[in-house]
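Student: First, the structure itself, so that you have it in front of you.
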Amino acid sequence: MRVFLVAAALFAAVPAFAQTSDAPATRAILADATQAPRGRTIVDGANWRCEGTTCTANGGSEQPAARACRRVKAKLGPLTAFSWKGEVLSAEQLAACNA
């Protein structure tokens with residue numbers, strides 16, 4: 001009976017671990033893939049990795065998404081899309097970021 005309870009508890013815990021490991025999306029789409037850095041690039045504590053034009057990150061300081069976008073754009077070049085810890089920038093915000 002104890003083995004069953006332990007197995008049931010572990011099975012129930014798996015979705016909880018999966019949910020907590022999923023951080024909100026932090027992603028940038030580069031306008032030019034040739035701007036993509038090789039390996040990792042750290043911007044304000046966020047560890048960015050790029051494949052083609054898509055860059056994703058984990059970590060990073062607490063700051064508004066618009067500011068994070070400007071900082072990432074300065075290192076990686078113009079962006080066509082940007083989200084910071086789950087907050088997606090609008091077209092107007094993205095245009096301001098790239099200006």
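Residues are referred to by chain and number: the chain letter is A, B, ... according to the order shown in the structure tokens, the number counts from 1 in that chain, and ligands are numbered separately from 1 in the order shown.
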As a ChimeraX atom specification, please: the residues near region 73-78 of chain A (cut-off 9 Å, only C-alpha atoms, same-chain neighbours under 3 positions excluded).
Tutor: /A:28-32,35-37,41,43,68-70,97-99
Student: So that I can check the surroundings of region 84-92 of chain A, please list as an MDAnalysis selection string every protein, DNA and RNA residue that reaches within 9 Å of it, counting only C-alpha atoms and ignoring chain neighbours fewer than 4 positions away.
Tutor: chainID A and resid 23:28 57:60 64:66 68:69 80 96:97
